[in-house]
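Listing of upload03.pdb, PDB, C-alpha atoms
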ATOM      1  CA  MET T   1     -21.814   0.763  21.463
ATOM      2  CA  GLY T   2     -18.290   0.550  20.064
ATOM      3  CA  VAL T   3     -17.325  -0.645  16.622
ATOM      4  CA  GLU T   4     -16.695  -4.373  16.352
ATOM      5  CA  ARG T   5     -13.082  -4.848  15.274
ATOM      6  CA  VAL T   6     -11.893  -7.724  13.105
ATOM      7  CA  GLN T   7      -9.332  -8.633  15.759
ATOM      8  CA  THR T   8     -12.228  -9.327  18.154
ATOM      9  CA  ILE T   9     -14.279 -11.158  15.512
ATOM     10  CA  ALA T  10     -11.225 -13.317  14.714
ATOM     11  CA  SER T  11     -10.920 -14.484  18.332
ATOM     12  CA  LEU T  12     -14.532 -15.670  18.324
ATOM     13  CA  SER T  13     -14.315 -17.155  14.832
ATOM     14  CA  ASN T  14     -11.214 -19.184  15.591
ATOM     15  CA  ASN T  15     -13.016 -20.791  18.524
ATOM     16  CA  LEU T  16     -15.963 -21.666  16.263
ATOM     17  CA  GLY T  17     -13.898 -22.691  13.227
ATOM     18  CA  THR T  18     -16.048 -20.538  10.941
ATOM     19  CA  ILE T  19     -16.425 -16.882   9.914
ATOM     20  CA  PRO T  20     -19.458 -14.554   9.731
ATOM     21  CA  GLN T  21     -21.336 -14.613   6.438
ATOM     22  CA  GLU T  22     -20.437 -11.013   5.539
ATOM     23  CA  PHE T  23     -16.740 -11.978   5.331
ATOM     24  CA  ILE T  24     -17.318 -14.835   2.876
ATOM     25  CA  ARG T  25     -16.451 -13.514  -0.580
ATOM     26  CA  SER T  26     -18.470 -14.412  -3.666
ATOM     27  CA  GLU T  27     -17.052 -17.326  -5.664
ATOM     28  CA  HIS T  28     -15.332 -15.121  -8.257
ATOM     29  CA  GLU T  29     -13.265 -13.563  -5.440
ATOM     30  CA  GLN T  30     -12.570 -16.469  -3.090
ATOM     31  CA  PRO T  31      -8.807 -17.084  -2.887
ATOM     32  CA  GLY T  32      -9.393 -20.828  -2.641
ATOM     33  CA  LYS T  33     -11.011 -20.760  -6.090
ATOM     34  CA  THR T  34      -9.191 -17.877  -7.838
ATOM     35  CA  THR T  35      -5.513 -18.171  -6.854
ATOM     36  CA  PHE T  36      -3.444 -19.357  -9.822
ATOM     37  CA  HIS T  37      -1.144 -22.281  -9.047
ATOM     38  CA  GLY T  38       0.374 -22.840 -12.481
ATOM     39  CA  PRO T  39       3.874 -21.792 -13.505
ATOM     40  CA  VAL T  40       4.080 -17.996 -13.375
ATOM     41  CA  PRO T  41       7.007 -15.581 -13.473
ATOM     42  CA  GLU T  42       7.918 -14.090 -10.112
ATOM     43  CA  LEU T  43       7.611 -10.395  -9.347
ATOM     44  CA  PRO T  44      10.657  -8.542 -10.706
ATOM     45  CA  VAL T  45      13.387  -8.087  -8.087
ATOM     46  CA  ILE T  46      15.722  -5.136  -8.728
ATOM     47  CA  ASP T  47      19.065  -4.596  -7.028
ATOM     48  CA  LEU T  48      19.525  -0.861  -6.544
ATOM     49  CA  ALA T  49      23.219  -1.425  -5.738
ATOM     50  CA  ASN T  50      23.914  -2.630  -9.283
ATOM     51  CA  PRO T  51      26.832  -0.456 -10.504
ATOM     52  CA  ASP T  52      25.156  -0.298 -13.926
ATOM     53  CA  GLN T  53      22.532   2.319 -13.059
ATOM     54  CA  TYR T  54      21.338   2.471 -16.666
ATOM     55  CA  GLN T  55      20.419  -1.204 -16.298
ATOM     56  CA  VAL T  56      18.578  -0.454 -13.038
ATOM     57  CA  THR T  57      16.540   2.245 -14.789
ATOM     58  CA  ARG T  58      15.716  -0.131 -17.623
ATOM     59  CA  GLU T  59      14.596  -2.865 -15.220
ATOM     60  CA  ILE T  60      12.388  -0.437 -13.267
ATOM     61  CA  VAL T  61      10.748   0.882 -16.453
ATOM     62  CA  GLU T  62      10.124  -2.642 -17.705
ATOM     63  CA  ALA T  63       8.656  -3.783 -14.372
ATOM     64  CA  SER T  64       6.485  -0.649 -14.087
ATOM     65  CA  SER T  65       5.183  -1.095 -17.637
ATOM     66  CA  GLU T  66       4.581  -4.850 -17.604
ATOM     67  CA  TRP T  67       3.750  -5.595 -13.970
ATOM     68  CA  GLY T  68       3.081  -2.286 -12.211
ATOM     69  CA  ILE T  69       4.943  -3.708  -9.217
ATOM     70  CA  PHE T  70       8.468  -4.781  -8.298
ATOM     71  CA  GLN T  71      10.653  -5.471  -5.279
ATOM     72  CA  VAL T  72      13.859  -3.578  -4.564
ATOM     73  CA  VAL T  73      16.822  -4.893  -2.561
ATOM     74  CA  ASN T  74      19.892  -2.994  -1.365
ATOM     75  CA  HIS T  75      17.591   0.015  -1.122
ATOM     76  CA  GLY T  76      19.480   1.806   1.639
ATOM     77  CA  ILE T  77      17.050   1.307   4.547
ATOM     78  CA  PRO T  78      18.973  -0.594   7.243
ATOM     79  CA  GLU T  79      17.410  -3.894   8.297
ATOM     80  CA  GLU T  80      17.397  -2.912  11.979
ATOM     81  CA  VAL T  81      15.520   0.326  11.163
ATOM     82  CA  VAL T  82      12.800  -1.636   9.330
ATOM     83  CA  LYS T  83      12.568  -4.213  12.135
ATOM     84  CA  GLU T  84      12.109  -1.517  14.793
ATOM     85  CA  PHE T  85       9.532   0.291  12.609
ATOM     86  CA  GLN T  86       7.612  -2.987  12.353
ATOM     87  CA  ARG T  87       8.031  -3.829  16.042
ATOM     88  CA  VAL T  88       6.406  -0.617  17.277
ATOM     89  CA  GLY T  89       3.513  -1.025  14.838
ATOM     90  CA  ARG T  90       2.945  -4.600  15.926
ATOM     91  CA  HIS T  91       3.066  -3.496  19.584
ATOM     92  CA  PHE T  92       0.202  -1.062  18.978
ATOM     93  CA  PHE T  93      -2.114  -3.818  17.700
ATOM     94  CA  GLU T  94      -1.246  -5.988  20.698
ATOM     95  CA  LEU T  95      -2.427  -3.292  23.158
ATOM     96  CA  PRO T  96      -5.711  -3.703  25.064
ATOM     97  CA  GLN T  97      -8.671  -2.703  22.908
ATOM     98  CA  GLU T  98      -9.521   0.392  24.975
ATOM     99  CA  GLU T  99      -6.003   1.736  24.396
ATOM    100  CA  LYS T 100      -6.314   1.375  20.622
ATOM    101  CA  GLU T 101      -9.750   3.023  20.637
ATOM    102  CA  LYS T 102      -8.219   6.231  22.050
ATOM    103  CA  ILE T 103      -6.998   7.071  18.540
ATOM    104  CA  ALA T 104      -9.978   5.642  16.631
ATOM    105  CA  LYS T 105     -10.615   7.183  13.218
ATOM    106  CA  GLN T 106     -13.332   9.836  13.328
ATOM    107  CA  PRO T 107     -16.004  10.224  10.594
ATOM    108  CA  GLY T 108     -14.643  12.140   7.626
ATOM    109  CA  MET T 109     -11.039  11.749   8.771
ATOM    110  CA  LYS T 110      -8.418   9.689   6.972
ATOM    111  CA  GLU T 111      -6.072   9.231   9.918
ATOM    112  CA  GLY T 112      -6.582   7.024  12.958
ATOM    113  CA  TYR T 113      -7.248   3.430  14.021
ATOM    114  CA  GLY T 114     -10.098   1.680  12.304
ATOM    115  CA  THR T 115     -11.888  -1.109  10.519
ATOM    116  CA  LYS T 116     -13.499  -0.800   7.110
ATOM    117  CA  LEU T 117     -17.036  -0.056   8.248
ATOM    118  CA  HIS T 118     -18.909   0.359   4.977
ATOM    119  CA  ARG T 119     -19.687  -2.820   3.152
ATOM    120  CA  GLU T 120     -18.752  -3.278  -0.468
ATOM    121  CA  PRO T 121     -21.419  -3.449  -3.215
ATOM    122  CA  GLU T 122     -21.989  -7.172  -2.667
ATOM    123  CA  GLY T 123     -22.349  -6.596   1.079
ATOM    124  CA  LYS T 124     -18.971  -8.086   1.956
ATOM    125  CA  LYS T 125     -16.380  -7.032   4.544
ATOM    126  CA  THR T 126     -12.617  -7.454   4.634
ATOM    127  CA  TRP T 127     -10.601  -9.275   7.302
ATOM    128  CA  VAL T 128      -8.412  -6.370   8.458
ATOM    129  CA  ASP T 129      -7.990  -3.638  11.052
ATOM    130  CA  PHE T 130      -5.698  -0.715  10.281
ATOM    131  CA  LEU T 131      -3.948   2.400  11.485
ATOM    132  CA  TYR T 132      -3.502   5.419   9.194
ATOM    133  CA  HIS T 133      -1.370   8.477   9.777
ATOM    134  CA  ASN T 134       0.808  10.849   7.773
ATOM    135  CA  ILE T 135       4.557  10.436   8.225
ATOM    136  CA  TRP T 136       5.877  13.139   5.840
ATOM    137  CA  PRO T 137       6.389  16.088   5.449
ATOM    138  CA  GLN T 138       6.887  16.897   9.093
ATOM    139  CA  HIS T 139       4.854  20.118   9.146
ATOM    140  CA  ILE T 140       1.585  18.223   8.478
ATOM    141  CA  LEU T 141       2.055  15.566  11.158
ATOM    142  CA  ASN T 142      -0.574  15.298  13.884
ATOM    143  CA  TYR T 143       1.049  13.400  16.723
ATOM    144  CA  ASN T 144      -2.252  13.343  18.635
ATOM    145  CA  ILE T 145      -3.406  10.419  16.504
ATOM    146  CA  TRP T 146      -0.083   8.567  16.710
ATOM    147  CA  PRO T 147       0.161   5.700  19.230
ATOM    148  CA  GLN T 148       1.583   6.764  22.584
ATOM    149  CA  SER T 149       2.588   3.183  23.328
ATOM    150  CA  PRO T 150       5.207   1.963  22.878
ATOM    151  CA  PRO T 151       7.031   5.200  23.776
ATOM    152  CA  GLU T 152       9.564   4.521  20.969
ATOM    153  CA  TYR T 153       6.823   4.672  18.305
ATOM    154  CA  ARG T 154       7.577   8.213  17.123
ATOM    155  CA  LYS T 155      11.338   7.730  17.111
ATOM    156  CA  ALA T 156      11.055   4.511  15.072
ATOM    157  CA  ASN T 157       8.850   6.226  12.475
ATOM    158  CA  ASP T 158      11.140   9.256  12.252
ATOM    159  CA  GLU T 159      14.153   7.001  11.759
ATOM    160  CA  TYR T 160      12.370   5.018   9.033
ATOM    161  CA  CYS T 161      11.466   8.263   7.232
ATOM    162  CA  LYS T 162      15.084   9.394   7.345
ATOM    163  CA  TYR T 163      15.914   6.560   4.952
ATOM    164  CA  LEU T 164      12.567   6.258   3.160
ATOM    165  CA  VAL T 165      12.472   9.834   1.819
ATOM    166  CA  PRO T 166      15.797   9.516  -0.088
ATOM    167  CA  LEU T 167      14.627   6.167  -1.498
ATOM    168  CA  VAL T 168      11.387   7.765  -2.714
ATOM    169  CA  ASP T 169      13.385  10.565  -4.373
ATOM    170  CA  ARG T 170      15.646   8.020  -6.023
ATOM    171  CA  LEU T 171      12.707   6.030  -7.401
ATOM    172  CA  PHE T 172      11.157   9.233  -8.758
ATOM    173  CA  GLU T 173      14.413   9.865 -10.638
ATOM    174  CA  TYR T 174      14.576   6.354 -12.125
ATOM    175  CA  LEU T 175      10.933   6.503 -13.212
ATOM    176  CA  SER T 176      11.331  10.015 -14.640
ATOM    177  CA  THR T 177      14.521   9.408 -16.639
ATOM    178  CA  GLY T 178      13.021   6.105 -17.780
ATOM    179  CA  LEU T 179      10.378   8.131 -19.634
ATOM    180  CA  GLY T 180      13.071  10.243 -21.292
ATOM    181  CA  LEU T 181      12.402  13.171 -18.942
ATOM    182  CA  GLU T 182      14.648  15.197 -16.658
ATOM    183  CA  LYS T 183      15.076  13.410 -13.338
ATOM    184  CA  ASN T 184      13.022  15.945 -11.327
ATOM    185  CA  VAL T 185       9.956  16.068 -13.622
ATOM    186  CA  LEU T 186       7.797  13.333 -12.059
ATOM    187  CA  LYS T 187       8.423  14.483  -8.507
ATOM    188  CA  GLU T 188       7.567  18.100  -9.342
ATOM    189  CA  ALA T 189       4.433  16.944 -11.178
ATOM    190  CA  SER T 190       3.463  15.039  -8.007
ATOM    191  CA  GLY T 191       3.790  18.041  -5.697
ATOM    192  CA  GLY T 192       7.544  18.262  -5.114
ATOM    193  CA  ASP T 193       8.361  18.746  -1.446
ATOM    194  CA  ASN T 194       4.644  19.168  -0.661
ATOM    195  CA  MET T 195       3.911  15.572  -1.623
ATOM    196  CA  LYS T 196       2.427  13.645   1.311
ATOM    197  CA  MET T 197       3.455  10.248   2.612
ATOM    198  CA  LEU T 198       0.636   8.414   4.355
ATOM    199  CA  LEU T 199       1.389   5.269   6.376
ATOM    200  CA  LYS T 200      -1.178   2.510   6.726
ATOM    201  CA  ILE T 201      -0.485  -0.434   9.015
ATOM    202  CA  ASN T 202      -2.651  -3.396   8.026
ATOM    203  CA  TYR T 203      -3.352  -6.037  10.673
ATOM    204  CA  TYR T 204      -4.813  -9.316   9.388
ATOM    205  CA  PRO T 205      -5.520 -11.666  12.330
ATOM    206  CA  PRO T 206      -5.600 -15.449  11.846
ATOM    207  CA  CYS T 207      -8.700 -16.572   9.948
ATOM    208  CA  PRO T 208     -10.170 -20.094  10.191
ATOM    209  CA  ARG T 209     -11.335 -19.979   6.545
ATOM    210  CA  PRO T 210      -8.617 -18.193   4.538
ATOM    211  CA  ASP T 211      -9.944 -19.861   1.381
ATOM    212  CA  LEU T 212     -13.153 -17.804   1.661
ATOM    213  CA  ALA T 213     -12.019 -14.390   2.966
ATOM    214  CA  LEU T 214      -9.854 -11.487   1.797
ATOM    215  CA  GLY T 215      -7.818  -9.103   3.929
ATOM    216  CA  VAL T 216      -8.106  -6.364   1.314
ATOM    217  CA  ALA T 217     -10.250  -6.750  -1.815
ATOM    218  CA  ALA T 218      -8.835  -6.242  -5.308
ATOM    219  CA  HIS T 219      -7.917  -2.603  -5.966
ATOM    220  CA  THR T 220      -5.348  -0.219  -7.394
ATOM    221  CA  ASP T 221      -3.766   2.478  -5.227
ATOM    222  CA  MET T 222      -4.694   6.144  -5.745
ATOM    223  CA  SER T 223      -1.109   7.179  -4.977
ATOM    224  CA  THR T 224       1.713   8.036  -7.357
ATOM    225  CA  PHE T 225       3.388   4.958  -5.999
ATOM    226  CA  THR T 226       3.339   2.961  -2.768
ATOM    227  CA  LEU T 227       6.297   1.515  -0.872
ATOM    228  CA  LEU T 228       5.423  -1.456   1.301
ATOM    229  CA  VAL T 229       7.189  -3.732   3.757
ATOM    230  CA  PRO T 230       5.341  -6.877   4.907
ATOM    231  CA  ASN T 231       6.029  -9.257   7.745
ATOM    232  CA  ASP T 232       7.117 -12.779   6.789
ATOM    233  CA  VAL T 233       3.576 -14.180   6.459
ATOM    234  CA  PRO T 234       2.749 -14.317   2.714
ATOM    235  CA  GLY T 235      -0.499 -12.803   1.467
ATOM    236  CA  LEU T 236       0.066 -10.209  -1.247
ATOM    237  CA  GLN T 237      -1.418 -11.261  -4.588
ATOM    238  CA  VAL T 238      -1.054  -9.478  -7.916
ATOM    239  CA  LEU T 239      -3.236  -9.696 -11.028
ATOM    240  CA  LYS T 240      -0.931 -10.656 -13.897
ATOM    241  CA  ASP T 241      -2.252 -11.778 -17.296
ATOM    242  CA  ASP T 242      -5.723 -12.235 -15.748
ATOM    243  CA  HIS T 243      -4.383 -14.564 -13.032
ATOM    244  CA  TRP T 244      -4.088 -13.902  -9.299
ATOM    245  CA  VAL T 245      -0.516 -14.849  -8.425
ATOM    246  CA  ASP T 246       1.271 -14.897  -5.069
ATOM    247  CA  ALA T 247       4.065 -12.395  -4.446
ATOM    248  CA  LYS T 248       7.087 -14.204  -3.066
ATOM    249  CA  TYR T 249       8.307 -12.898   0.283
ATOM    250  CA  ILE T 250      11.906 -11.686   0.081
ATOM    251  CA  PRO T 251      13.573 -10.743   3.380
ATOM    252  CA  ASN T 252      14.699  -7.094   3.561
ATOM    253  CA  ALA T 253      13.055  -6.161   0.256
ATOM    254  CA  THR T 254      10.741  -3.171  -0.224
ATOM    255  CA  ILE T 255       7.777  -3.676  -2.542
ATOM    256  CA  VAL T 256       6.996  -0.805  -4.937
ATOM    257  CA  HIS T 257       3.432  -0.529  -6.312
ATOM    258  CA  ILE T 258       2.782   1.807  -9.232
ATOM    259  CA  GLY T 259      -0.374   3.793  -8.397
ATOM    260  CA  ASP T 260      -3.084   5.534 -10.400
ATOM    261  CA  GLN T 261      -1.359   8.940 -10.507
ATOM    262  CA  PHE T 262       1.774   7.514 -12.158
ATOM    263  CA  GLU T 263      -0.383   5.741 -14.730
ATOM    264  CA  ILE T 264      -2.051   9.088 -15.465
ATOM    265  CA  LEU T 265       1.166  11.167 -15.517
ATOM    266  CA  SER T 266       2.915   8.638 -17.775
ATOM    267  CA  ASN T 267      -0.150   8.568 -20.066
ATOM    268  CA  GLY T 268      -0.482   4.820 -19.571
ATOM    269  CA  LYS T 269       3.165   3.833 -19.972
ATOM    270  CA  TYR T 270       3.352   2.776 -16.311
ATOM    271  CA  LYS T 271       0.571   0.470 -15.112
ATOM    272  CA  SER T 272      -1.292   0.887 -11.828
ATOM    273  CA  VAL T 273      -1.245  -2.628 -10.387
ATOM    274  CA  TRP T 274      -4.349  -4.551  -9.334
ATOM    275  CA  HIS T 275      -3.597  -6.341  -6.071
ATOM    276  CA  ARG T 276      -5.315  -7.869  -3.060
ATOM    277  CA  SER T 277      -4.430  -9.446   0.306
ATOM    278  CA  THR T 278      -5.172 -12.963   1.446
ATOM    279  CA  VAL T 279      -5.143 -14.096   5.081
ATOM    280  CA  ASN T 280      -3.591 -16.973   7.003
ATOM    281  CA  LYS T 281      -5.218 -19.678   9.099
ATOM    282  CA  ASP T 282      -2.608 -19.789  11.858
ATOM    283  CA  GLN T 283      -0.580 -16.592  11.733
ATOM    284  CA  THR T 284      -1.151 -12.848  11.854
ATOM    285  CA  ARG T 285      -0.161 -11.117   8.661
ATOM    286  CA  MET T 286       0.857  -7.445   8.746
ATOM    287  CA  SER T 287       1.969  -4.942   6.136
ATOM    288  CA  TRP T 288       3.214  -1.349   6.248
ATOM    289  CA  PRO T 289       2.432   0.483   2.986
ATOM    290  CA  VAL T 290       3.398   4.143   2.607
ATOM    291  CA  PHE T 291       1.294   5.955  -0.011
ATOM    292  CA  CYS T 292       3.042   8.844  -1.792
ATOM    293  CA  GLU T 293       0.194  11.231  -2.641
ATOM    294  CA  PRO T 294       0.010  14.626  -4.363
ATOM    295  CA  PRO T 295      -1.407  17.590  -2.415
ATOM    296  CA  ALA T 296      -5.218  17.670  -2.572
ATOM    297  CA  ASP T 297      -5.449  20.739  -4.852
ATOM    298  CA  LEU T 298      -2.694  19.697  -7.257
ATOM    299  CA  VAL T 299      -3.952  19.208 -10.827
ATOM    300  CA  ILE T 300      -2.817  15.857 -12.259
ATOM    301  CA  GLY T 301      -3.007  14.823 -15.895
ATOM    302  CA  PRO T 302      -0.856  13.212 -18.584
ATOM    303  CA  LEU T 303       2.466  15.069 -18.853
ATOM    304  CA  PRO T 304       2.439  17.298 -21.974
ATOM    305  CA  GLN T 305       5.853  15.866 -22.963
ATOM    306  CA  LEU T 306       4.227  12.420 -23.317
ATOM    307  CA  VAL T 307       1.192  13.514 -25.347
ATOM    308  CA  SER T 308       1.187  13.875 -29.127
ATOM    309  CA  ASP T 309      -1.085  13.452 -32.143
ATOM    310  CA  GLU T 310       0.106   9.852 -32.376
ATOM    311  CA  ASN T 311      -0.243   9.325 -28.628
ATOM    312  CA  PRO T 312      -3.207  11.423 -27.404
ATOM    313  CA  ALA T 313      -4.043  11.889 -23.716
ATOM    314  CA  LYS T 314      -5.646   8.738 -22.304
ATOM    315  CA  PHE T 315      -6.809  10.329 -19.028
ATOM    316  CA  LYS T 316      -8.655  13.429 -17.881
ATOM    317  CA  THR T 317      -6.834  16.194 -16.006
ATOM    318  CA  LYS T 318      -8.248  17.014 -12.559
ATOM    319  CA  LYS T 319      -7.348  17.916  -8.996
ATOM    320  CA  PHE T 320      -6.151  14.987  -6.922
ATOM    321  CA  LYS T 321      -8.938  15.533  -4.364
ATOM    322  CA  ASP T 322     -11.540  15.270  -7.164
ATOM    323  CA  TYR T 323      -9.937  12.078  -8.449
ATOM    324  CA  GLU T 324      -9.963  10.697  -4.906
ATOM    325  CA  TYR T 325     -13.638  11.642  -4.400
ATOM    326  CA  CYS T 326     -14.666   9.923  -7.646
ATOM    327  CA  LYS T 327     -12.697   6.772  -6.868
ATOM    328  CA  LEU T 328     -13.920   6.432  -3.296
ATOM    329  CA  ASN T 329     -17.525   6.965  -4.369
ATOM    330  CA  LYS T 330     -17.171   4.730  -7.441
ATOM    331  CA  ILE T 331     -17.996   7.585  -9.830
ATOM    332  CA  PRO T 332     -16.610   7.140 -13.368
ATOM    333  CA  GLN T 333     -13.468   9.244 -13.922
TER     334      GLN T 333
END
Could you quickly redo this structure as structure tokens?
Amino acid sequence: MGVERVQTIASLSNNLGTIPQEFIRSEHEQPGKTTFHGPVPELPVIDLANPDQYQVTREIVEASSEWGIFQVVNHGIPEEVVKEFQRVGRHFFELPQEEKEKIAKQPGMKEGYGTKLHREPEGKKTWVDFLYHNIWPQHILNYNIWPQSPPEYRKANDEYCKYLVPLVDRLFEYLSTGLGLEKNVLKEASGGDNMKMLLKINYYPPCPRPDLALGVAAHTDMSTFTLLVPNDVPGLQVLKDDHWVDAKYIPNATIVHIGDQFEILSNGKYKSVWHRSTVNKDQTRMSWPVFCEPPADLVIGPLPQLVSDENPAKFKTKKFKDYEYCKLNKIPQ
């Protein structure tokens, strides 16, 4: 018996006008009850083409410290490259189910096509199917679990990486110099050229009760940081000042999430952002986050340059794989 995918459940649910009980969040999580509609500041938007690069650094540091998330425009990734990258990902989810199942995620593996199978502590499920695979560095790529259709899938991903990798390096430099460090320090502390980039394509089909369900429950990312492009269907929400606020969709922007490893390395100066995904009644929402992760055996802790008697270490030092194990299994760090 195959796994029941959310895409299939959505087709049945839309005919019935209701959703299965295990997708109905408890009241303290339901978007219909917990989304803040008052006046709130919008996510910081930073223009990387600003000739005053000192100002850009300052804006990134401020956004990373106060929000843990920001959007960048004029980031150097051509619009047509992003559109093609999104097109091939969307094509995969529109394939017949048996085609998608050919690259289904296997037990114990991170990469592949899947649905979140294990229920959360309250017995709830999330309204999303996904595809995971590494996209950088090239020597770790396993093309066997990449979609074979459309045939342009690999080329589109390679082209996206050609522009994404320099953007990642540039953001590392801004975030490093913003802490008063040499521009290469944060990247080296995150694994240097051995740092992995893991793509996840999230597919959130239409949901007849978007007020009750979540596409992805509230969480912070384990990464150093995450770079995400969404489609034009809104759904990203950010926890700011104890309120869940909507992230405004900005065409051609890339969203940058500060992750747990940057919060640790910066000794709390940069904030790992709590975020979640809502779903839409009539439209399919999709997002393409790329998680920048240290190698599994790399030891991560607060940078010695940022620790002092006045500012002691706020986090334990441990291998990334041990951090990941504790977080996934909800073991205190």
Exercise. To one decimal place, how far is atom CA of T:Val81 from atom CA of T:Tyr54 in Å?
Worked result: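 Separating atom CA of T:Val81 from atom CA of T:Tyr54 is a distance of 28.5 Å.
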Set out as a Markdown table a contact list for stretch 211-327 of chain T and stretch 132-138 of chain T with a cut-off of 10 Å, giving each residue of stretch 211-327 of chain T that qualifies its closest atom pair and distance in Å to one decimal, counting only C-alpha atoms, ordered by chain and rising residue number.
| residue | atom | partner | partner_atom | distance |
| --- | --- | --- | --- | --- |
| T:Trp288 | CA | T:Tyr132 | CA | 10.0 |
| T:Pro289 | CA | T:Tyr132 | CA | 9.9 |
| T:Val290 | CA | T:Ile135 | CA | 8.5 |
| T:Phe291 | CA | T:Asn134 | CA | 9.2 |
| T:Cys292 | CA | T:Trp136 | CA | 9.2 |
Problem set entry | Contacts of T:Gly301 within 7 Å, all atoms listed in the file, excl. fewer than 4 positions in-chain, as JSON, numbers by chain | {"T": [264, 265, 315, 316, 317, 318]}
Mind working out the centre and edge lengths of an axis-aligned box for stretch 138-144 of chain T, all listed atoms inside, 4 Å added to each side, rounded to one decimal in Å and written as lines of an AutoDock Vina configuration file?
center_x = 2.3
center_y = 16.7
center_z = 13.6
size_x = 17.1
size_y = 14.8
size_z = 18.2
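Picked by the PyMOL selection byres ((chain T and resi 163-168) around 9) from the coordinates shown: His75, Gly76, Ile77, Pro78, Val81, Trp136, Glu159, Tyr160, Cys161, Lys162, Asp169, Arg170, Leu171, Phe172, Glu173, Leu227 and Cys292 of chain T.
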For this session: Apply the PyMOL selection byres ((chain T and resi 306-311) around 9) to the structure shown and report the selected residues as a list in words.
Result: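 When the PyMOL selection byres ((chain T and resi 306-311) around 9) is applied, the selected residues are Leu179, Leu265, Ser266, Asn267, Pro302, Leu303, Pro304, Gln305, Pro312, Ala313 and Lys314 of chain T.
You will find atom CA of T:Val128 at 26.9 Å from atom CA of T:Phe262.
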Problem set entry | Shortest interatomic distance to T:Lys330 - which of T:Lys271, T:His219, T:Lys196, T:Arg276, counting all atoms listed in the file | T:His219
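With distances restricted to only C-alpha atoms, T:Leu212 is the closest residue to T:Val279 from T:Val45, T:Leu212, T:Leu186, T:Met109.
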